[in-house]
$ cat upload14.txt   # compact mmCIF, C-alpha atoms
# COMPACT_ATOMS: atom_id res chain seq x y z
CA MET A 1 50.46 -11.79 69.93
CA SER A 2 52.11 -11.58 66.54
CA GLU A 3 49.92 -10.89 63.56
CA ILE A 4 50.34 -14.29 61.96
CA THR A 5 49.38 -16.19 65.13
CA ARG A 6 46.34 -13.99 65.50
CA MET A 7 45.23 -14.77 61.95
CA VAL A 8 45.61 -18.50 62.48
CA VAL A 9 43.82 -18.47 65.83
CA VAL A 10 40.89 -16.34 64.64
CA LEU A 11 40.37 -18.33 61.45
CA SER A 12 40.58 -21.66 63.31
CA LEU A 13 38.11 -20.44 65.91
CA ILE A 14 35.64 -19.33 63.26
CA ALA A 15 36.03 -22.59 61.34
CA GLY A 16 35.64 -24.66 64.52
CA PHE A 17 32.53 -22.80 65.57
CA CYS A 18 31.02 -23.15 62.09
CA SER A 19 31.69 -26.90 61.99
CA ALA A 20 30.01 -27.29 65.36
CA ALA A 21 26.96 -25.40 64.16
CA LEU A 22 26.76 -27.52 61.00
CA THR A 23 27.13 -30.80 62.86
CA LEU A 24 24.39 -29.76 65.25
CA ALA A 25 22.03 -28.87 62.38
CA ASN A 26 22.79 -32.13 60.58
CA VAL A 27 22.27 -34.30 63.65
CA GLN A 28 19.09 -32.49 64.66
CA LEU A 29 17.47 -32.53 61.23
CA GLY A 30 18.91 -35.78 59.83
CA PRO A 31 15.90 -37.96 60.74
CA LYS A 32 13.51 -35.36 59.34
CA ILE A 33 15.40 -35.31 56.01
CA GLN A 34 15.31 -39.11 55.93
CA GLU A 35 11.56 -39.00 56.43
CA GLN A 36 11.12 -36.49 53.60
CA THR A 37 13.31 -38.55 51.26
CA ASP A 38 11.20 -41.61 52.09
CA PHE A 39 8.05 -39.67 51.32
CA TYR A 40 9.06 -37.93 48.11
CA VAL A 41 11.65 -40.25 46.54
CA ARG A 42 11.34 -43.76 47.91
CA GLY A 43 7.53 -43.52 48.10
CA PRO A 44 6.91 -43.07 44.36
CA ALA A 45 9.59 -45.66 43.55
CA LEU A 46 7.92 -48.22 45.83
CA GLU A 47 4.53 -47.42 44.35
CA ARG A 48 5.83 -48.42 40.93
CA LEU A 49 7.69 -51.50 42.15
CA PHE A 50 4.87 -52.89 44.29
CA ASN A 51 1.81 -51.48 42.50
CA LYS A 52 0.43 -50.35 45.82
CA PRO A 53 -0.03 -46.89 47.39
CA ALA A 54 3.15 -45.61 49.04
CA LYS A 55 1.43 -45.08 52.38
CA GLU A 56 0.83 -48.81 52.79
CA VAL A 57 4.36 -49.94 52.00
CA LEU A 58 6.65 -47.19 53.35
CA LYS A 59 6.32 -48.52 56.88
CA ASN A 60 7.16 -52.06 55.80
CA LYS A 61 10.88 -51.65 56.20
CA VAL A 62 13.60 -53.80 57.75
CA ILE A 63 17.25 -52.92 58.02
CA ILE A 64 19.64 -55.81 57.32
CA PRO A 65 23.18 -55.32 58.62
CA THR A 66 25.99 -56.50 56.34
CA GLU A 67 29.78 -56.17 56.41
CA THR A 68 29.59 -53.15 54.10
CA GLY A 69 26.81 -51.32 55.93
CA ASP A 70 23.10 -51.44 56.64
CA VAL A 71 20.80 -52.30 53.73
CA PRO A 72 17.19 -51.05 53.86
CA VAL A 73 14.71 -53.60 52.53
CA PHE A 74 11.04 -52.82 51.91
CA PHE A 75 8.47 -55.58 51.59
CA THR A 76 4.82 -56.15 50.80
CA ARG A 77 2.47 -58.99 51.62
CA GLU A 78 -0.05 -60.94 49.58
CA GLY A 79 -2.36 -62.35 52.26
CA ASP A 80 0.02 -63.54 55.00
CA LYS A 81 2.89 -64.38 52.70
CA VAL A 82 5.63 -61.89 51.86
CA SER A 83 5.20 -61.51 48.12
CA ALA A 84 7.75 -58.89 47.03
CA LEU A 85 10.85 -57.15 48.30
CA ALA A 86 12.50 -53.91 47.27
CA VAL A 87 16.18 -53.78 48.12
CA GLU A 88 18.16 -50.59 48.11
CA ALA A 89 21.70 -50.80 46.79
CA VAL A 90 24.58 -48.58 45.87
CA GLY A 91 25.66 -48.79 42.22
CA LYS A 92 29.37 -48.08 42.58
CA GLY A 93 31.24 -46.21 39.87
CA GLY A 94 28.65 -43.90 38.31
CA PHE A 95 30.07 -41.05 36.26
CA GLY A 96 29.30 -38.40 38.88
CA GLY A 97 29.58 -40.59 41.98
CA ASP A 98 27.71 -43.60 43.28
CA LEU A 99 24.10 -44.21 42.31
CA LYS A 100 21.49 -45.21 44.83
CA ILE A 101 19.05 -47.64 43.27
CA MET A 102 16.21 -49.86 44.38
CA VAL A 103 15.49 -53.25 42.81
CA GLY A 104 12.13 -54.94 43.13
CA ILE A 105 12.09 -58.72 43.64
CA ASP A 106 8.93 -60.77 43.17
CA LEU A 107 9.37 -63.74 45.50
CA ILE A 108 6.42 -65.73 44.20
CA ASN A 109 7.45 -65.78 40.53
CA GLU A 110 11.15 -65.36 41.29
CA ARG A 111 11.44 -62.42 38.91
CA GLN A 112 12.63 -58.83 39.14
CA THR A 113 9.81 -56.30 39.07
CA GLY A 114 11.90 -53.30 38.11
CA MET A 115 14.75 -50.95 38.93
CA GLU A 116 14.24 -47.47 40.39
CA VAL A 117 16.77 -44.70 40.92
CA VAL A 118 16.62 -43.17 44.39
CA SER A 119 19.40 -40.64 43.97
CA HIS A 120 22.16 -39.91 41.50
CA SER A 121 24.44 -37.08 40.42
CA GLU A 122 24.88 -37.92 36.73
CA THR A 123 25.17 -35.48 33.83
CA PRO A 124 21.77 -34.09 32.75
CA GLY A 125 20.86 -35.36 29.28
CA LEU A 126 23.34 -38.25 29.42
CA GLY A 127 23.68 -40.29 32.60
CA ALA A 128 20.65 -38.64 34.14
CA ARG A 129 18.54 -40.45 31.53
CA ILE A 130 18.90 -43.44 33.83
CA GLU A 131 15.67 -42.18 35.39
CA GLU A 132 13.78 -42.61 32.13
CA ILE A 133 11.33 -45.45 31.85
CA ALA A 134 12.82 -46.65 28.53
CA PHE A 135 15.99 -47.68 30.35
CA ARG A 136 14.45 -48.85 33.59
CA ARG A 137 11.78 -51.09 32.08
CA GLN A 138 14.47 -53.47 30.80
CA TRP A 139 14.56 -54.84 34.33
CA ASN A 140 10.91 -55.95 34.33
CA GLY A 141 10.65 -59.71 34.50
CA LEU A 142 14.36 -60.55 34.54
CA PRO A 143 15.24 -63.75 36.41
CA ILE A 144 16.74 -63.36 39.87
CA ASP A 145 19.14 -66.31 39.78
CA GLU A 146 21.63 -65.07 37.19
CA PRO A 147 23.66 -61.86 37.12
CA ILE A 148 22.83 -59.28 34.43
CA ALA A 149 25.19 -57.36 32.15
CA VAL A 150 25.07 -54.63 29.51
CA THR A 151 25.10 -55.70 25.83
CA ALA A 152 28.71 -54.58 25.38
CA ASP A 153 29.71 -57.09 28.05
CA GLY A 154 27.59 -59.85 26.50
CA GLY A 155 24.42 -59.21 28.51
CA ILE A 156 20.94 -58.06 27.57
CA ILE A 157 20.70 -54.56 29.07
CA ASP A 158 20.96 -51.83 26.41
CA SER A 159 23.17 -49.05 27.76
CA ILE A 160 22.08 -45.43 27.59
CA SER A 161 23.97 -44.05 24.59
CA GLY A 162 26.88 -41.91 25.76
CA ALA A 163 26.54 -43.11 29.32
CA SER A 164 27.88 -46.64 29.52
CA THR A 165 29.58 -45.89 32.85
CA THR A 166 26.25 -44.99 34.40
CA SER A 167 24.53 -48.01 32.87
CA ARG A 168 27.26 -50.32 34.16
CA ALA A 169 26.93 -48.82 37.66
CA ALA A 170 23.19 -49.59 37.65
CA VAL A 171 23.89 -53.16 36.48
CA LYS A 172 26.56 -53.60 39.14
CA GLY A 173 24.17 -52.39 41.84
CA THR A 174 21.53 -54.83 40.62
CA ASN A 175 23.95 -57.76 40.72
CA GLU A 176 24.81 -56.84 44.28
CA VAL A 177 21.13 -56.97 45.14
CA LEU A 178 20.81 -60.41 43.51
CA ASP A 179 23.80 -61.70 45.50
CA PHE A 180 22.38 -60.16 48.63
CA ILE A 181 19.00 -61.86 48.11
CA ARG A 182 20.65 -65.22 47.45
CA LEU A 183 22.70 -65.02 50.64
CA LYS A 184 20.31 -63.29 52.99
CA LYS A 185 16.82 -64.28 51.87
CA ALA A 186 16.22 -66.47 54.91
CA GLU A 187 17.45 -63.78 57.27
CA ILE A 188 15.25 -61.12 55.64
CA LEU A 189 12.13 -63.28 55.89
CA GLN A 190 12.98 -64.10 59.48
CA ARG A 191 13.29 -60.44 60.38
CA ILE A 192 10.03 -59.60 58.63
CA ALA A 193 8.26 -62.39 60.48
CA LYS A 194 9.48 -60.96 63.77
CA LEU A 195 7.89 -57.53 63.12
CA MET B 196 22.15 5.76 63.49
CA ALA B 197 18.48 6.74 63.46
CA GLN B 198 18.89 8.86 60.35
CA LYS B 199 20.65 5.95 58.64
CA PHE B 200 17.94 3.43 59.48
CA LEU B 201 15.23 4.38 56.98
CA PRO B 202 17.49 5.01 53.96
CA THR B 203 19.19 1.66 54.60
CA LEU B 204 15.90 -0.15 54.95
CA THR B 205 14.51 1.20 51.67
CA ALA B 206 17.76 1.21 49.65
CA GLY B 207 17.47 -2.48 48.78
CA LEU B 208 13.99 -2.00 47.38
CA TRP B 209 14.87 0.54 44.70
CA LYS B 210 18.17 2.38 45.00
CA ARG B 211 20.27 -0.78 44.96
CA ILE B 212 17.75 -3.48 44.19
CA PRO B 213 19.52 -6.64 43.03
CA PRO B 214 19.91 -7.89 40.38
CA PHE B 215 18.77 -4.81 38.41
CA ARG B 216 20.72 -2.04 40.12
CA LEU B 217 23.58 -3.99 41.66
CA VAL B 218 23.78 -6.24 38.57
CA LEU B 219 25.10 -8.93 40.90
CA GLY B 220 23.68 -12.39 41.49
CA LEU B 221 22.64 -12.75 37.85
CA CYS B 222 23.45 -16.46 37.62
CA PRO B 223 20.62 -17.70 39.88
CA SER B 224 18.36 -14.98 38.49
CA LEU B 225 18.77 -16.53 35.06
CA ALA B 226 18.81 -20.15 36.09
CA VAL B 227 16.04 -20.74 38.62
CA THR B 228 13.30 -18.28 37.67
CA MET B 229 11.31 -20.69 35.50
CA SER B 230 8.38 -20.20 37.85
CA ALA B 231 7.28 -17.65 40.44
CA GLU B 232 7.54 -20.26 43.19
CA ASN B 233 11.16 -21.10 42.39
CA GLY B 234 12.04 -17.41 42.22
CA LEU B 235 10.44 -16.70 45.58
CA GLY B 236 12.11 -19.72 47.20
CA MET B 237 15.54 -18.78 45.87
CA GLY B 238 15.05 -15.12 46.83
CA VAL B 239 13.97 -15.92 50.37
CA ALA B 240 16.85 -18.39 50.84
CA THR B 241 19.38 -15.84 49.59
CA GLY B 242 17.80 -13.05 51.65
CA PHE B 243 18.01 -15.17 54.79
CA VAL B 244 21.69 -15.85 54.15
CA VAL B 245 22.49 -12.18 53.38
CA MET B 246 20.79 -10.96 56.55
CA LEU B 247 22.38 -13.45 58.93
CA SER B 248 25.83 -13.30 57.34
CA SER B 249 25.79 -9.49 57.47
CA GLY B 250 24.88 -9.63 61.14
CA ALA B 251 27.52 -12.24 61.99
CA ILE B 252 30.30 -10.60 59.97
CA SER B 253 29.54 -7.15 61.29
CA SER B 254 29.62 -8.30 64.92
CA MET B 255 33.03 -9.86 64.31
CA ARG B 256 34.41 -7.06 62.14
CA ASN B 257 36.83 -5.88 64.83
CA ILE B 258 38.18 -9.36 65.60
CA ILE B 259 38.75 -10.61 62.06
CA PRO B 260 42.26 -9.66 60.84
CA ALA B 261 42.09 -7.64 57.62
CA LYS B 262 44.37 -10.02 55.72
CA VAL B 263 42.15 -13.08 56.14
CA ARG B 264 38.83 -11.31 56.09
CA ILE B 265 37.59 -12.78 52.79
CA ALA B 266 38.43 -16.32 53.95
CA SER B 267 36.59 -15.72 57.22
CA TYR B 268 33.57 -14.28 55.41
CA ILE B 269 33.42 -17.28 53.09
CA VAL B 270 33.54 -19.73 56.01
CA ILE B 271 30.68 -17.93 57.75
CA ILE B 272 28.61 -17.63 54.57
CA ALA B 273 29.22 -21.29 53.61
CA THR B 274 28.04 -22.42 57.04
CA LEU B 275 24.84 -20.39 56.79
CA VAL B 276 24.17 -21.66 53.28
CA SER B 277 24.65 -25.28 54.35
CA ILE B 278 22.23 -24.73 57.22
CA VAL B 279 19.69 -23.25 54.79
CA GLU B 280 20.19 -26.29 52.55
CA ILE B 281 19.58 -28.69 55.43
CA LEU B 282 16.50 -26.73 56.53
CA MET B 283 15.08 -26.74 53.00
CA LYS B 284 15.66 -30.49 52.64
CA ALA B 285 13.90 -31.07 55.94
CA TYR B 286 10.90 -28.79 55.43
CA PHE B 287 10.59 -27.88 51.72
CA PHE B 288 11.86 -31.01 50.01
CA PRO B 289 10.21 -30.58 46.57
CA LEU B 290 11.44 -26.98 46.34
CA SER B 291 14.96 -28.01 47.29
CA GLU B 292 14.87 -30.67 44.55
CA GLN B 293 13.79 -28.02 42.06
CA LEU B 294 16.48 -25.52 43.03
CA GLY B 295 19.09 -28.26 43.23
CA ILE B 296 22.66 -27.09 42.91
CA TYR B 297 21.70 -23.38 43.08
CA ILE B 298 21.14 -23.53 46.84
CA PRO B 299 24.76 -24.56 47.65
CA LEU B 300 25.87 -22.01 45.04
CA ILE B 301 24.49 -19.14 47.15
CA VAL B 302 27.94 -19.31 48.78
CA VAL B 303 29.48 -17.73 45.71
CA ASN B 304 26.62 -15.33 45.09
CA CYS B 305 28.27 -11.92 44.76
CA ILE B 306 25.43 -10.16 46.55
CA VAL B 307 26.23 -11.92 49.82
CA LEU B 308 29.96 -11.27 49.68
CA GLY B 309 29.34 -7.78 48.27
CA ARG B 310 27.16 -6.72 51.19
CA ALA B 311 29.62 -8.29 53.64
CA GLU B 312 32.60 -6.45 52.19
CA GLY B 313 30.80 -3.26 51.22
CA PHE B 314 28.55 -2.68 54.19
CA ALA B 315 28.79 -5.15 57.09
CA SER B 316 32.54 -4.82 57.52
CA LYS B 317 32.18 -1.08 58.17
CA ASN B 318 28.93 -0.82 60.15
CA PRO B 319 27.51 -2.04 63.47
CA PRO B 320 25.53 -5.33 63.54
CA PHE B 321 21.98 -4.00 63.74
CA ILE B 322 22.18 -1.65 60.78
CA SER B 323 24.05 -4.35 58.80
CA MET B 324 21.22 -6.78 59.39
CA VAL B 325 18.74 -4.13 58.28
CA ASP B 326 20.81 -3.67 55.13
CA GLY B 327 20.91 -7.45 54.56
CA LEU B 328 17.16 -7.69 55.10
CA SER B 329 16.47 -4.88 52.66
CA VAL B 330 18.77 -6.18 49.92
CA GLY B 331 17.48 -9.73 50.48
CA THR B 332 13.86 -8.59 50.25
CA GLY B 333 14.67 -6.67 47.10
CA TYR B 334 16.25 -9.77 45.60
CA ALA B 335 13.29 -11.94 46.54
CA ILE B 336 10.90 -9.41 44.97
CA SER B 337 12.96 -9.21 41.78
CA LEU B 338 13.25 -12.97 41.41
CA THR B 339 9.53 -13.43 42.05
CA LEU B 340 8.80 -10.77 39.44
CA ILE B 341 11.07 -12.38 36.83
CA GLY B 342 9.65 -15.80 37.70
CA SER B 343 6.07 -14.52 37.47
CA ILE B 344 6.59 -12.96 34.05
CA ARG B 345 8.24 -16.08 32.70
CA GLU B 346 5.67 -18.41 34.23
CA ILE B 347 2.57 -16.39 33.26
CA LEU B 348 3.61 -15.83 29.65
CA GLY B 349 5.61 -19.03 29.24
CA ALA B 350 3.31 -21.53 30.88
CA GLY B 351 0.05 -19.65 31.43
CA THR B 352 0.09 -20.22 35.20
CA TRP B 353 1.06 -18.22 38.29
CA PHE B 354 2.29 -20.14 41.37
CA GLY B 355 0.86 -23.19 39.61
CA MET B 356 -2.64 -21.71 39.16
CA PRO B 357 -3.92 -21.21 35.61
CA VAL B 358 -4.46 -17.52 34.83
CA PHE B 359 -5.72 -17.65 31.26
CA GLY B 360 -8.53 -19.60 29.64
CA GLU B 361 -8.20 -22.48 27.24
CA TRP B 362 -7.46 -20.15 24.31
CA PHE B 363 -4.03 -19.19 25.62
CA GLU B 364 -1.06 -20.58 23.74
CA PRO B 365 1.94 -20.43 26.13
CA MET B 366 5.18 -18.96 24.78
CA SER B 367 7.30 -21.86 25.97
CA PHE B 368 10.37 -19.97 24.73
CA LEU B 369 10.21 -17.85 27.89
CA VAL B 370 10.67 -20.74 30.32
CA THR B 371 13.81 -21.91 28.53
CA ALA B 372 17.25 -20.40 29.17
CA PRO B 373 17.20 -17.78 26.35
CA GLY B 374 13.85 -16.55 27.69
CA ALA B 375 15.56 -15.68 30.97
CA PHE B 376 18.05 -13.41 29.20
CA VAL B 377 15.28 -11.70 27.24
CA THR B 378 13.12 -11.18 30.34
CA ILE B 379 15.93 -9.81 32.50
CA GLY B 380 17.23 -7.63 29.66
CA THR B 381 13.80 -6.17 29.03
CA LEU B 382 13.21 -5.46 32.72
CA LEU B 383 16.66 -3.86 33.01
CA ALA B 384 15.93 -1.63 29.99
CA LEU B 385 12.53 -0.58 31.36
CA GLN B 386 14.03 0.23 34.72
CA ASN B 387 16.79 2.33 33.15
CA LEU B 388 14.26 4.20 31.01
CA PHE B 389 12.17 4.92 34.09
CA SER B 390 15.20 6.10 36.07
CA ARG B 391 16.25 8.43 33.28
CA TRP B 392 12.71 9.80 32.92
CA ARG B 393 12.67 10.53 36.65
CA GLY B 394 16.03 12.24 36.29
CA GLU B 395 17.78 10.00 38.83
CA LYS B 396 21.51 10.02 38.92
CA PHE B 397 22.71 6.95 37.08
CA ILE B 398 23.91 4.57 39.77
CA GLN B 399 23.96 1.20 38.12
CA GLY B 400 26.84 -1.09 38.86

$ encode --input "upload14.txt" --output "structure tokens"
Amino acid sequence: MSEITRMVVVLSLIAGFCSAALTLANVQLGPKIQEQTDFYVRGPALERLFNKPAKEVLKNKVIIPTETGDVPVFFTREGDKVSALAVEAVGKGGFGGDLKIMVGIDLINERQTGMEVVSHSETPGLGARIEEIAFRRQWNGLPIDEPIAVTADGGIIDSISGASTTSRAAVKGTNEVLDFIRLKKAEILQRIAKL
Amino acid sequence: MAQKFLPTLTAGLWKRIPPFRLVLGLCPSLAVTMSAENGLGMGVATGFVVMLSSGAISSMRNIIPAKVRIASYIVIIATLVSIVEILMKAYFFPLSEQLGIYIPLIVVNCIVLGRAEGFASKNPPFISMVDGLSVGTGYAISLTLIGSIREILGAGTWFGMPVFGEWFEPMSFLVTAPGAFVTIGTLLALQNLFSRWRGEKFIQG
């Protein structure tokens, strides 16, 4: 076997074997990672959105299939009635990639209860300030029947200074959630009732 | 082989303890040693990667063609690092959030590639793994030490437990980035002074 063929074959074999090992690890541990993310990231976010301990609400989860993928929706009950939803959405077009956010919807008062960031890869000190309460609390009590926008686009959300891309991504994600609720509210409630 | 075993096992703990003697792997040593816990976590993760990659590379040292050896090493190391990352996310989630980008960056840690090129590519698998274990343990000890100093003096705690009374005013300078340079520089100086006092041959670098 000539030297060059040998190099190609050996390198391909090593790469193939490594990919197999990685895939195996990812498939085996994927659910466990999901569980940990629920516990450490979604849990605290839900606690703030619903004002209830995470343990009670983490299990209240339905997955709604859409054309663009599955959307996880968390809910909480007031008596027998479903009182609030938390919808996870992807805010497309963040500065360092897509944001994953969660928007709380109060079904009784038809208001938003807040916006939480589940994961992001924004610049520390600029876009990463999206996690700060000063930015997020602007969502508290917004109506759910009209789309929101940043002030530069004629809306009411003050962008984080130096990070308008990130702010717009969060706004975009929120508007997707509002659309989603408008279209799928009946289906969500139906699925929750079936649980 | 037997006469090589003990020197190899202890070399990583003093003779070539990273990052002080090897002066490799300084980037994570500076960046993630804000606390003893972070230092230990990073050290153990790196040690695990060094040991397994040394073993894997050494057992394949006769198959890998010399011209593509670095590429092959990097593929093997990157796989091990990704597996460590997945394991940490699954079992030590808060720690993996703390260490963040520095876990994937173990791939380009010079210690790992240095031991692969300098030791594992010339020695049989078992002794290479012993070498990886020893260097990895040395690294974990060093990072824990740096982290402990910075955490105790900079925050007044050790592994999260308070060590001083109420009167202690933490030197928060030490837990910031410049504090890392000062701590590592001071430790490096002390270690060089000690080596010179003992009359050791100067083997840094």

$ atom_distance --input "upload14.txt" --atom1 "atom CA of B:Arg345" --atom2 "atom CA of B:Met366"
9.0 Å

$ interface_residues --input "upload14.txt" --of "chain A" --to "chain B" --cutoff "8 Å" --atoms "all atoms listed in the file" --output "list in words"
Arg6, Met7, Val10, Leu11, Ile14, Ala15, Cys18, Ser19, Ala21, Leu22, Ala25, Asn26, Leu29, Gly30, Lys32, Ile33, Gln36, Thr37 and Tyr40 of chain A

$ atom_distance --input "upload14.txt" --atom1 "atom CA of A:Phe180" --atom2 "atom CA of A:Ile108"
17.5 Å

$ residues_around --input "upload14.txt" --residues "B:Ala240" --least-positions-apart "4" --cutoff "8 Å" --atoms "all atoms listed in the file" --output "number ranges by chain"
B: 236, 244, 279, 298

$ atom_distance --input "upload14.txt" --atom1 "atom CA of A:Arg48" --atom2 "atom CA of A:Ser119"
15.9 Å

$ closest_residue --input "upload14.txt" --among "A:Leu99, A:Ala89, A:Val27, A:Ser121" --to "A:Gly69" --atoms "all atoms listed in the file"
A:Ala89

$ residues_around --input "upload14.txt" --residues "A:Val171" --least-positions-apart "3" --cutoff "7 Å" --atoms "all atoms listed in the file" --output "VMD selection string"
chain A and resid 148 to 149 167 to 168 174 to 175

$ closest_residue --input "upload14.txt" --among "A:Glu67, A:Glu116, A:Glu132, A:Asp179" --to "A:Pro147" --atoms "only C-alpha atoms"
A:Asp179

$ residues_near_point --input "upload14.txt" --point "(10.1, -23.5, 40.8)" --cutoff "10 Å" --atoms "all atoms listed in the file" --output "NGL selection string"
:B and (227-237 or 289-294 or 342 or 346 or 354-355)

$ write_last_selection --input "upload14.txt" --atoms "C-alpha atoms" --output "PDB file, keeping the file's coordinate frame"
ATOM      1  CA  VAL B 227      16.040 -20.740  38.620  1.00  0.00           C
ATOM      2  CA  THR B 228      13.300 -18.280  37.670  1.00  0.00           C
ATOM      3  CA  MET B 229      11.310 -20.690  35.500  1.00  0.00           C
ATOM      4  CA  SER B 230       8.380 -20.200  37.850  1.00  0.00           C
ATOM      5  CA  ALA B 231       7.280 -17.650  40.440  1.00  0.00           C
ATOM      6  CA  GLU B 232       7.540 -20.260  43.190  1.00  0.00           C
ATOM      7  CA  ASN B 233      11.160 -21.100  42.390  1.00  0.00           C
ATOM      8  CA  GLY B 234      12.040 -17.410  42.220  1.00  0.00           C
ATOM      9  CA  LEU B 235      10.440 -16.700  45.580  1.00  0.00           C
ATOM     10  CA  GLY B 236      12.110 -19.720  47.200  1.00  0.00           C
ATOM     11  CA  MET B 237      15.540 -18.780  45.870  1.00  0.00           C
ATOM     12  CA  PRO B 289      10.210 -30.580  46.570  1.00  0.00           C
ATOM     13  CA  LEU B 290      11.440 -26.980  46.340  1.00  0.00           C
ATOM     14  CA  SER B 291      14.960 -28.010  47.290  1.00  0.00           C
ATOM     15  CA  GLU B 292      14.870 -30.670  44.550  1.00  0.00           C
ATOM     16  CA  GLN B 293      13.790 -28.020  42.060  1.00  0.00           C
ATOM     17  CA  LEU B 294      16.480 -25.520  43.030  1.00  0.00           C
ATOM     18  CA  GLY B 342       9.650 -15.800  37.700  1.00  0.00           C
ATOM     19  CA  GLU B 346       5.670 -18.410  34.230  1.00  0.00           C
ATOM     20  CA  PHE B 354       2.290 -20.140  41.370  1.00  0.00           C
ATOM     21  CA  GLY B 355       0.860 -23.190  39.610  1.00  0.00           C
TER      22      GLY B 355
END

$ residues_around --input "upload14.txt" --residues "stretch 377-392 of chain B" --least-positions-apart "3" --cutoff "7 Å" --atoms "all atoms listed in the file" --output "list in words"
Phe215, Ile341, Pro373, Gly374 and Glu395 of chain B

$ residues_near_point --input "upload14.txt" --point "(11.6, -54.5, 37.5)" --cutoff "7 Å" --atoms "all atoms listed in the file" --output "PDB file with C-alpha atoms, in the frame of the given file"
ATOM      1  CA  LEU A  49       7.690 -51.500  42.150  1.00  0.00           C
ATOM      2  CA  VAL A 103      15.490 -53.250  42.810  1.00  0.00           C
ATOM      3  CA  GLY A 104      12.130 -54.940  43.130  1.00  0.00           C
ATOM      4  CA  GLN A 112      12.630 -58.830  39.140  1.00  0.00           C
ATOM      5  CA  THR A 113       9.810 -56.300  39.070  1.00  0.00           C
ATOM      6  CA  GLY A 114      11.900 -53.300  38.110  1.00  0.00           C
ATOM      7  CA  MET A 115      14.750 -50.950  38.930  1.00  0.00           C
ATOM      8  CA  ARG A 137      11.780 -51.090  32.080  1.00  0.00           C
ATOM      9  CA  TRP A 139      14.560 -54.840  34.330  1.00  0.00           C
ATOM     10  CA  ASN A 140      10.910 -55.950  34.330  1.00  0.00           C
ATOM     11  CA  GLY A 141      10.650 -59.710  34.500  1.00  0.00           C
TER      12      GLY A 141
END

$ decode --input "upload14.txt" --residues "stretch 40-66 of chain A" --atoms "C-alpha atoms" --output "short mmCIF file (atom, residue, chain, number, x, y, z; two decimals), in the first residue's frame"
data_model
loop_
_atom_site.label_atom_id
_atom_site.label_comp_id
_atom_site.auth_asym_id
_atom_site.auth_seq_id
_atom_site.Cartn_x
_atom_site.Cartn_y
_atom_site.Cartn_z
CA TYR A 40 -30.92 23.78 36.77
CA VAL A 41 -32.01 26.15 33.98
CA ARG A 42 -35.69 25.73 33.20
CA GLY A 43 -36.56 25.11 36.86
CA PRO A 44 -35.47 28.52 38.18
CA ALA A 45 -36.96 30.24 35.11
CA LEU A 46 -40.33 28.56 35.71
CA GLU A 47 -40.18 29.45 39.40
CA ARG A 48 -39.98 33.12 38.47
CA LEU A 49 -42.62 32.93 35.74
CA PHE A 50 -45.19 30.97 37.75
CA ASN A 51 -44.31 32.02 41.30
CA LYS A 52 -44.39 28.40 42.36
CA PRO A 53 -41.64 25.94 43.39
CA ALA A 54 -39.95 24.33 40.38
CA LYS A 55 -40.68 20.82 41.62
CA GLU A 56 -44.43 21.35 41.21
CA VAL A 57 -44.32 22.74 37.70
CA LEU A 58 -41.43 20.95 35.95
CA LYS A 59 -43.56 17.87 35.36
CA ASN A 60 -46.39 19.93 33.87
CA LYS A 61 -45.07 19.79 30.36
CA VAL A 62 -46.67 19.13 26.97
CA ILE A 63 -44.90 19.00 23.65
CA ILE A 64 -46.77 20.67 20.78
CA PRO A 65 -45.63 19.62 17.31
CA THR A 66 -45.44 22.40 14.70
#
